[in-house]
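With compact mmCIF, C-alpha atoms and all ligand atoms inside, this is protein_36.txt:
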```
# COMPACT_ATOMS: atom_id res chain seq x y z
CA MET A 1 0.00 0.00 0.00
CA ASP A 2 1.51 3.31 -1.04
CA LEU A 3 0.86 5.76 1.78
CA GLY A 4 1.43 8.74 -0.51
CA LEU A 5 3.72 10.51 1.96
CA LYS A 6 6.71 10.97 -0.35
CA GLY A 7 8.15 14.49 -0.17
CA LYS A 8 6.23 15.47 2.98
CA THR A 9 8.05 17.10 5.89
CA ALA A 10 7.74 15.94 9.50
CA ILE A 11 9.09 17.18 12.81
CA VAL A 12 9.61 14.33 15.28
CA THR A 13 10.50 15.53 18.78
CA GLY A 14 13.07 13.29 20.41
CA GLY A 15 13.24 11.59 17.02
CA GLY A 16 16.80 10.34 17.44
CA SER A 17 16.28 7.78 20.20
CA GLY A 18 13.89 5.06 21.33
CA ILE A 19 10.36 5.22 19.93
CA GLY A 20 11.14 8.53 18.22
CA ALA A 21 13.94 6.88 16.24
CA GLY A 22 11.51 4.17 15.11
CA ILE A 23 9.02 6.84 14.05
CA SER A 24 11.71 8.77 12.15
CA GLU A 25 12.76 5.56 10.40
CA ALA A 26 9.24 4.50 9.40
CA LEU A 27 8.48 7.98 8.04
CA ALA A 28 11.80 8.11 6.15
CA GLN A 29 10.99 4.68 4.63
CA GLU A 30 7.84 6.29 3.24
CA GLY A 31 9.85 9.11 1.65
CA VAL A 32 9.18 11.73 4.34
CA ASN A 33 11.92 14.28 5.07
CA VAL A 34 12.28 14.14 8.84
CA ALA A 35 13.41 17.05 11.00
CA ILE A 36 14.62 15.34 14.15
CA SER A 37 14.58 17.44 17.32
CA TYR A 38 17.05 16.58 20.03
CA LEU A 39 18.12 17.78 23.44
CA VAL A 40 21.11 15.56 24.17
CA GLU A 41 23.46 13.23 22.27
CA GLU A 42 23.89 15.64 19.38
CA LYS A 43 26.59 13.57 17.70
CA GLN A 44 24.57 10.34 17.64
CA VAL A 45 21.40 12.10 16.48
CA LYS A 46 23.23 13.82 13.62
CA ALA A 47 24.76 10.48 12.60
CA TYR A 48 21.30 8.88 12.72
CA ALA A 49 19.81 11.60 10.48
CA GLN A 50 22.67 11.05 8.05
CA GLU A 51 22.05 7.29 8.08
CA LEU A 52 18.32 7.73 7.33
CA THR A 53 19.16 10.20 4.56
CA SER A 54 21.54 7.85 2.80
CA THR A 55 19.45 4.71 3.36
CA TYR A 56 16.10 6.06 2.24
CA GLY A 57 17.04 8.87 -0.17
CA VAL A 58 15.26 11.55 1.87
CA TYR A 59 16.58 14.71 3.53
CA CYS A 60 16.71 14.27 7.28
CA SER A 61 18.12 17.01 9.48
CA THR A 62 18.52 17.78 13.18
CA TYR A 63 17.44 20.68 15.37
CA TYR A 64 18.29 21.38 18.98
CA ALA A 65 15.15 22.37 20.92
CA ASP A 66 13.98 22.02 24.49
CA ILE A 67 10.23 21.54 24.00
CA THR A 68 9.45 23.50 27.17
CA LYS A 69 11.10 26.67 25.80
CA THR A 70 9.04 28.74 23.40
CA ALA A 71 12.01 30.60 21.90
CA GLU A 72 13.71 27.31 21.01
CA ILE A 73 10.48 25.87 19.55
CA ASP A 74 9.93 29.00 17.46
CA ALA A 75 13.52 28.90 16.19
CA MET A 76 13.14 25.24 15.21
CA ILE A 77 9.85 25.80 13.38
CA GLU A 78 11.33 28.76 11.52
CA ALA A 79 14.43 26.78 10.56
CA VAL A 80 12.44 23.74 9.39
CA THR A 81 10.02 25.89 7.41
CA GLY A 82 12.94 27.78 5.86
CA ARG A 83 14.68 24.57 4.85
CA TYR A 84 11.73 22.51 3.58
CA GLY A 85 9.20 25.19 2.66
CA GLY A 86 6.62 24.04 5.22
CA ILE A 87 5.65 21.37 7.74
CA ASP A 88 3.08 18.63 7.06
CA ILE A 89 3.44 16.38 10.11
CA LEU A 90 4.30 16.95 13.76
CA VAL A 91 4.97 14.00 16.05
CA ASN A 92 4.99 15.00 19.73
CA ASN A 93 7.08 12.11 20.95
CA ALA A 94 9.59 13.57 23.44
CA GLY A 95 8.83 12.72 27.04
CA ILE A 96 10.26 11.65 30.38
CA TRP A 97 9.20 8.90 32.79
CA PRO A 98 10.74 9.39 36.24
CA THR A 99 9.74 7.26 39.21
CA GLU A 100 8.89 8.97 42.52
CA GLU A 101 5.88 8.72 44.76
CA LEU A 102 3.57 11.69 45.11
CA LEU A 103 3.99 12.37 48.83
CA ASP A 104 7.78 12.51 48.56
CA MET A 105 7.97 14.35 45.27
CA PRO A 106 9.50 17.83 45.16
CA ASP A 107 6.95 20.23 43.58
CA GLU A 108 9.48 21.12 40.85
CA ASN A 109 9.56 17.50 39.68
CA TRP A 110 5.77 17.40 39.28
CA LYS A 111 5.91 20.63 37.27
CA ARG A 112 8.78 19.41 35.11
CA VAL A 113 6.98 16.20 34.07
CA ILE A 114 3.79 18.11 33.24
CA ASP A 115 5.89 20.69 31.40
CA ILE A 116 7.67 18.20 29.16
CA ASN A 117 4.91 15.61 28.65
CA LEU A 118 1.89 17.92 28.34
CA ASN A 119 2.84 21.59 27.97
CA GLY A 120 5.52 20.81 25.36
CA PRO A 121 3.04 19.13 22.97
CA TYR A 122 0.65 22.07 23.49
CA LEU A 123 3.32 24.68 22.71
CA LEU A 124 4.48 22.82 19.60
CA SER A 125 1.06 21.81 18.31
CA LYS A 126 -0.44 25.28 18.35
CA ARG A 127 2.55 26.75 16.55
CA VAL A 128 2.84 24.03 13.91
CA ALA A 129 -0.94 23.95 13.35
CA ARG A 130 -0.93 27.71 12.92
CA SER A 131 1.85 27.52 10.33
CA ILE A 132 0.06 24.74 8.37
CA ILE A 133 -3.28 26.56 8.42
CA ASP A 134 -1.78 29.96 7.56
CA ALA A 135 0.02 28.37 4.58
CA GLY A 136 -3.33 26.99 3.37
CA ASN A 137 -2.06 23.41 3.68
CA LYS A 138 -3.29 20.24 5.35
CA GLY A 139 -1.45 18.31 8.03
CA VAL A 140 -1.44 15.79 10.85
CA ILE A 141 -0.34 16.01 14.48
CA ILE A 142 0.42 12.77 16.32
CA ASN A 143 0.69 12.78 20.11
CA ILE A 144 2.55 9.88 21.72
CA SER A 145 0.62 9.14 24.89
CA SER A 146 0.88 5.95 26.94
CA LYS A 147 -1.09 3.00 28.28
CA SER A 148 -0.50 4.78 31.58
CA SER A 149 -2.99 7.45 30.51
CA MET A 150 -5.69 4.84 31.08
CA GLN A 151 -4.63 2.87 34.14
CA VAL A 152 -2.18 3.11 37.02
CA ASN A 153 -0.48 -0.28 37.41
CA THR A 154 2.47 0.79 39.53
CA PRO A 155 3.11 3.49 42.10
CA GLY A 156 5.61 6.25 41.38
CA HIS A 157 4.26 7.74 38.17
CA GLY A 158 1.52 10.11 39.35
CA HIS A 159 2.91 13.07 37.42
CA TYR A 160 3.45 10.99 34.26
CA VAL A 161 0.00 9.36 34.18
CA THR A 162 -1.65 12.72 34.85
CA ALA A 163 0.27 14.38 32.01
CA LYS A 164 -0.51 11.57 29.55
CA ALA A 165 -4.21 11.53 30.47
CA GLY A 166 -4.18 15.29 29.89
CA LEU A 167 -2.51 14.73 26.54
CA ASN A 168 -5.37 12.42 25.47
CA MET A 169 -7.91 15.13 26.23
CA PHE A 170 -5.71 17.76 24.56
CA THR A 171 -5.74 15.55 21.44
CA ARG A 172 -9.52 15.62 21.48
CA ALA A 173 -9.80 19.35 22.20
CA LEU A 174 -7.33 20.33 19.51
CA ALA A 175 -8.91 17.97 16.98
CA ARG A 176 -12.30 19.50 17.70
CA GLU A 177 -10.94 22.94 16.84
CA ILE A 178 -8.67 22.32 13.85
CA THR A 179 -9.80 19.19 12.00
CA GLN A 180 -12.24 21.26 9.96
CA ARG A 181 -9.35 23.56 9.10
CA GLY A 182 -7.38 20.69 7.57
CA VAL A 183 -5.26 19.38 10.44
CA ARG A 184 -6.08 15.98 11.98
CA VAL A 185 -4.86 15.23 15.50
CA VAL A 186 -4.39 11.63 16.64
CA GLY A 187 -2.89 10.08 19.75
CA LEU A 188 -1.21 6.71 20.17
CA MET A 189 -0.78 4.89 23.46
CA PRO A 190 2.08 2.37 23.45
CA GLY A 191 2.32 -0.25 26.17
CA ILE A 192 5.92 -1.28 26.66
CA VAL A 193 8.72 -0.62 24.22
CA ARG A 194 12.22 -1.25 25.48
CA THR A 195 14.05 2.10 25.09
CA PRO A 196 16.43 4.36 27.06
CA ILE A 197 13.41 5.73 29.01
CA ASN A 198 12.98 2.43 30.90
CA GLU A 199 16.37 0.77 30.54
CA ASP A 200 17.39 1.44 34.17
CA LYS A 201 14.26 -0.39 35.37
CA TRP A 202 15.17 -3.55 33.42
CA GLN A 203 18.76 -3.42 34.62
CA ALA A 204 17.59 -3.04 38.20
CA GLY A 205 15.31 -5.91 38.94
CA GLY A 206 15.11 -8.62 36.25
CA LEU A 207 11.59 -7.36 35.57
CA MET A 208 11.58 -8.40 31.95
CA ASP A 209 9.74 -11.74 32.24
CA GLU A 210 7.22 -10.31 34.69
CA TYR A 211 6.31 -7.53 32.26
CA VAL A 212 6.14 -9.76 29.19
CA LYS A 213 3.52 -11.88 31.01
CA ARG A 214 1.26 -8.81 31.06
CA ILE A 215 1.37 -8.40 27.27
CA PRO A 216 -1.11 -10.68 25.45
CA VAL A 217 0.88 -10.61 22.18
CA GLY A 218 3.80 -12.01 24.19
CA ARG A 219 6.55 -9.50 23.60
CA PHE A 220 7.46 -5.82 23.82
CA ALA A 221 6.74 -3.64 20.80
CA GLU A 222 9.60 -2.58 18.57
CA ALA A 223 10.00 1.18 18.16
CA VAL A 224 9.69 0.96 14.39
CA GLU A 225 6.31 -0.83 14.78
CA ILE A 226 5.00 2.25 16.55
CA GLY A 227 6.47 4.17 13.61
CA TYR A 228 4.57 2.12 11.01
CA THR A 229 1.30 3.03 12.73
CA VAL A 230 2.31 6.70 12.86
CA ALA A 231 3.07 6.65 9.12
CA PHE A 232 -0.31 5.07 8.36
CA LEU A 233 -2.17 7.58 10.56
CA CYS A 234 -0.39 10.49 8.84
CA SER A 235 -1.38 9.26 5.40
CA GLY A 236 -4.35 9.88 3.20
CA LYS A 237 -5.38 6.26 3.93
CA ALA A 238 -6.48 7.31 7.43
CA PRO A 239 -8.70 10.35 6.84
CA HIS A 240 -11.25 9.46 9.49
CA PHE A 241 -8.86 9.20 12.41
CA THR A 242 -8.97 12.39 14.45
CA GLY A 243 -9.51 13.29 18.09
CA THR A 244 -8.83 9.77 19.31
CA THR A 245 -5.93 8.07 21.08
CA LEU A 246 -5.36 4.55 19.80
CA ASP A 247 -4.37 1.56 21.93
CA ILE A 248 -1.13 0.06 20.56
CA THR A 249 -0.28 -1.92 23.68
CA GLY A 250 -0.37 -5.48 22.30
CA GLY A 251 -3.51 -6.09 24.33
CA MET A 252 -2.37 -4.78 27.73
CA LEU A 253 -5.60 -2.81 28.13
CA ILE A 254 -7.93 -5.71 27.35
N1 LIG B 301 9.17 3.11 26.10
C1 LIG B 301 7.94 2.81 26.48
O1 LIG B 301 7.66 1.68 26.93
C2 LIG B 301 6.85 3.83 26.37
C3 LIG B 301 5.53 3.44 26.65
C4 LIG B 301 4.50 4.35 26.52
C5 LIG B 301 4.77 5.64 26.10
N2 LIG B 301 6.06 6.03 25.84
C6 LIG B 301 6.29 7.40 25.40
O2 LIG B 301 7.03 7.39 24.20
C7 LIG B 301 7.77 8.60 24.07
C8 LIG B 301 9.21 8.29 23.73
O3 LIG B 301 9.82 7.62 24.81
P1 LIG B 301 10.99 6.56 24.65
O4 LIG B 301 10.59 5.35 25.37
O5 LIG B 301 11.40 6.46 23.23
O6 LIG B 301 12.15 7.23 25.53
P2 LIG B 301 13.52 7.96 25.14
O7 LIG B 301 14.10 8.37 26.43
O8 LIG B 301 14.33 7.13 24.21
O9 LIG B 301 13.01 9.20 24.31
C9 LIG B 301 12.56 10.38 24.88
C10 LIG B 301 13.11 11.53 24.06
O10 LIG B 301 12.59 12.75 24.59
C11 LIG B 301 13.64 13.69 24.59
N3 LIG B 301 13.33 14.75 25.57
C12 LIG B 301 13.17 14.63 26.90
N4 LIG B 301 12.94 15.85 27.45
C13 LIG B 301 12.94 16.74 26.43
C14 LIG B 301 12.77 18.14 26.34
N5 LIG B 301 12.55 18.90 27.42
N6 LIG B 301 12.86 18.72 25.12
C15 LIG B 301 13.11 17.98 24.01
N7 LIG B 301 13.28 16.65 24.03
C16 LIG B 301 13.20 16.05 25.22
C17 LIG B 301 14.87 12.89 24.97
O11 LIG B 301 16.06 13.59 24.66
C18 LIG B 301 14.65 11.63 24.14
O12 LIG B 301 15.15 11.82 22.83
C19 LIG B 301 7.59 9.34 25.40
O13 LIG B 301 6.59 10.33 25.26
C20 LIG B 301 7.12 8.24 26.35
O14 LIG B 301 6.35 8.74 27.41
C21 LIG B 301 7.10 5.14 25.96
```
Can you give me the file's structure in the form of structure tokens?
Amino acid sequence: MDLGLKGKTAIVTGGGSGIGAGISEALAQEGVNVAISYLVEEKQVKAYAQELTSTYGVYCSTYYADITKTAEIDAMIEAVTGRYGGIDILVNNAGIWPTEELLDMPDENWKRVIDINLNGPYLLSKRVARSIIDAGNKGVIINISSKSSMQVNTPGHGHYVTAKAGLNMFTRALAREITQRGVRVVGLMPGIVRTPINEDKWQAGGLMDEYVKRIPVGRFAEAVEIGYTVAFLCSGKAPHFTGTTLDITGGMLI
């Protein structure tokens, strides 16, 4: 199935590691030029963009931006628009997943998790949507939520689950306002994908087998599999997906 995405431009926040890297790869496979935002590991992210460019014959590039800082977001959007002529797809993927119980949590840590996992997607989405609409184009915004937006299986993630549940409702609210103006907004909730965000947890307690037992399909998702779904949702083959957050947990929410 040709998704018809060739020549489109996407920004993927945190697109150089973990799930973001899988999303960048799946989009590049479909001929999308991917602007990968990064915060750390500049050298590796630049090398990754170069690898995608030479493997898939697209033009991938990298942009430093802290998604909680409006000046850095604005500079990135301006640079991407200047380089590619416009933006068609935004994937709000960047996020953090610290573990700390609510009663012991410093207030700053609560605010930081909400800032990165919820406020960041808001700041980016409104700006990118505005640029797409003002240019008279159509586009898609994908918000990477989490299974944890729907249920709280473990203690220690009160800030994270609250932010991701908020992101689901933000997806609906934004979709309600801009779908008719040509921009669809769709969320995806992964279950467990083994990435740098959770690597310390696996190292710590031999949790792997315990977690796999909770996944009906019997294994963790690969990052690029999340990417394939993102590519499909961004395409013209998925015109009726908007304002929803899809379960891509391998059955963990059954
Ligand atoms: N890995 C999982 O099992 C899992 C499950 C459900 C949801 N998710 C979500 O998937 C997304 C990607 O996570 P991942 O597992 O690939 O982890 P990851 O740590 O590999 O990726 C997170 C990315 O976000 C970037 N980032 C963090 N703070 C940032 C900031 N202030 N500004 C810009 N970039 C910032 C990091 O540099 C990194 O590139 C996150 O939103 C996460 O909540 C992951």
Please, which residues are within 10 Å of (-7.9, 7.4, 12.8) by the file's coordinates, counting only C-alpha atoms, and could they come as a compact mmCIF listing (two decimals) with C-alpha atoms, in the frame of the given file?
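Saved the output as part.txt:
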```txt
# COMPACT_ATOMS: atom_id res chain seq x y z
CA ARG A 184 -6.08 15.98 11.98
CA VAL A 185 -4.86 15.23 15.50
CA VAL A 186 -4.39 11.63 16.64
CA GLY A 187 -2.89 10.08 19.75
CA LEU A 188 -1.21 6.71 20.17
CA PHE A 232 -0.31 5.07 8.36
CA LEU A 233 -2.17 7.58 10.56
CA CYS A 234 -0.39 10.49 8.84
CA LYS A 237 -5.38 6.26 3.93
CA ALA A 238 -6.48 7.31 7.43
CA PRO A 239 -8.70 10.35 6.84
CA HIS A 240 -11.25 9.46 9.49
CA PHE A 241 -8.86 9.20 12.41
CA THR A 242 -8.97 12.39 14.45
CA GLY A 243 -9.51 13.29 18.09
CA THR A 244 -8.83 9.77 19.31
CA THR A 245 -5.93 8.07 21.08
CA LEU A 246 -5.36 4.55 19.80
```
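Relative to CA of Pro121 (chain A), CA of Ile142 (chain A) is found at 9.6 Å.
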Contacts of Asn119 (chain A) at 9 Å (only C-alpha atoms; same-chain gap of 6+ positions) as a ChimeraX atom specification:
/A:67-68,163,167
Which polymer residues have any atom within 9 Å of an atom of Thr9 (chain A), counting all atoms listed in the file, with same-chain residues fewer than 2 positions away left out, as a list in words?
Leu5, Lys6, Gly7, Ile11, Val32, Asn33, Val34, Ala35, Val80, Tyr84, Gly85, Gly86, Ile87, Asp88, Ile89 and Leu90 of chain A
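In this model, the gap between CA of Gly82 (chain A) and CA of Thr70 (chain A) comes to 18.0 Å.
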What are the closest atom pairs, with distances in Å to one decimal, for each residue of chain A lying within 9 Å of ligand LIG 301 (chain B), using all atoms listed in the file, rows by chain and rising residue number, as a Markdown table?
```
| residue | atom | partner | partner_atom | distance |
| --- | --- | --- | --- | --- |
| A:Thr13 | CA | B:LIG301 | N7 | 6.0 |
| A:Gly14 | CA | B:LIG301 | O12 | 3.5 |
| A:Gly15 | CA | B:LIG301 | O12 | 6.1 |
| A:Gly16 | CA | B:LIG301 | O12 | 5.8 |
| A:Ser17 | CA | B:LIG301 | O8 | 4.5 |
| A:Gly18 | CA | B:LIG301 | O5 | 3.4 |
| A:Ile19 | CA | B:LIG301 | O5 | 3.7 |
| A:Gly20 | CA | B:LIG301 | O5 | 5.4 |
| A:Ala21 | CA | B:LIG301 | O5 | 7.4 |
| A:Gly22 | CA | B:LIG301 | O5 | 8.4 |
| A:Ser37 | CA | B:LIG301 | C15 | 6.9 |
| A:Tyr38 | CA | B:LIG301 | N7 | 5.5 |
| A:Leu39 | CA | B:LIG301 | O11 | 4.8 |
| A:Val40 | CA | B:LIG301 | O11 | 5.4 |
| A:Glu41 | CA | B:LIG301 | O11 | 7.8 |
| A:Val45 | CA | B:LIG301 | O12 | 8.9 |
| A:Tyr64 | CA | B:LIG301 | C15 | 8.0 |
| A:Ala65 | CA | B:LIG301 | C15 | 5.7 |
| A:Asp66 | CA | B:LIG301 | N6 | 3.5 |
| A:Ile67 | CA | B:LIG301 | N6 | 4.0 |
| A:Thr68 | CA | B:LIG301 | N5 | 5.6 |
| A:Lys69 | CA | B:LIG301 | N5 | 8.1 |
| A:Asn92 | CA | B:LIG301 | O13 | 7.4 |
| A:Asn93 | CA | B:LIG301 | O13 | 4.7 |
| A:Ala94 | CA | B:LIG301 | O10 | 3.3 |
| A:Gly95 | CA | B:LIG301 | O13 | 3.7 |
| A:Ile96 | CA | B:LIG301 | C12 | 5.4 |
| A:Trp97 | CA | B:LIG301 | O14 | 6.1 |
| A:Arg112 | CA | B:LIG301 | N5 | 8.6 |
| A:Val113 | CA | B:LIG301 | N4 | 8.9 |
| A:Asp115 | CA | B:LIG301 | N5 | 8.0 |
| A:Ile116 | CA | B:LIG301 | N5 | 5.2 |
| A:Asn117 | CA | B:LIG301 | O13 | 6.5 |
| A:Gly120 | CA | B:LIG301 | N5 | 7.6 |
| A:Asn143 | CA | B:LIG301 | O13 | 8.2 |
| A:Ile144 | CA | B:LIG301 | O13 | 5.4 |
| A:Ser145 | CA | B:LIG301 | C5 | 5.6 |
| A:Ser146 | CA | B:LIG301 | C4 | 4.0 |
| A:Lys147 | CA | B:LIG301 | C4 | 6.0 |
| A:Ser148 | CA | B:LIG301 | C4 | 7.1 |
| A:Tyr160 | CA | B:LIG301 | O14 | 7.8 |
| A:Lys164 | CA | B:LIG301 | O14 | 7.7 |
| A:Leu188 | CA | B:LIG301 | C5 | 8.5 |
| A:Met189 | CA | B:LIG301 | C4 | 6.1 |
| A:Pro190 | CA | B:LIG301 | C4 | 4.4 |
| A:Gly191 | CA | B:LIG301 | C3 | 4.9 |
| A:Ile192 | CA | B:LIG301 | O1 | 3.4 |
| A:Val193 | CA | B:LIG301 | O1 | 3.7 |
| A:Arg194 | CA | B:LIG301 | N1 | 5.4 |
| A:Thr195 | CA | B:LIG301 | O4 | 4.8 |
| A:Pro196 | CA | B:LIG301 | O8 | 4.5 |
| A:Ile197 | CA | B:LIG301 | O7 | 3.8 |
| A:Asn198 | CA | B:LIG301 | N1 | 6.2 |
| A:Glu199 | CA | B:LIG301 | N1 | 8.8 |
| A:Phe220 | CA | B:LIG301 | O1 | 8.1 |
| A:Ala221 | CA | B:LIG301 | O1 | 8.2 |
| A:Ala223 | CA | B:LIG301 | O5 | 7.5 |
| A:Thr249 | CA | B:LIG301 | C4 | 8.4 |
```
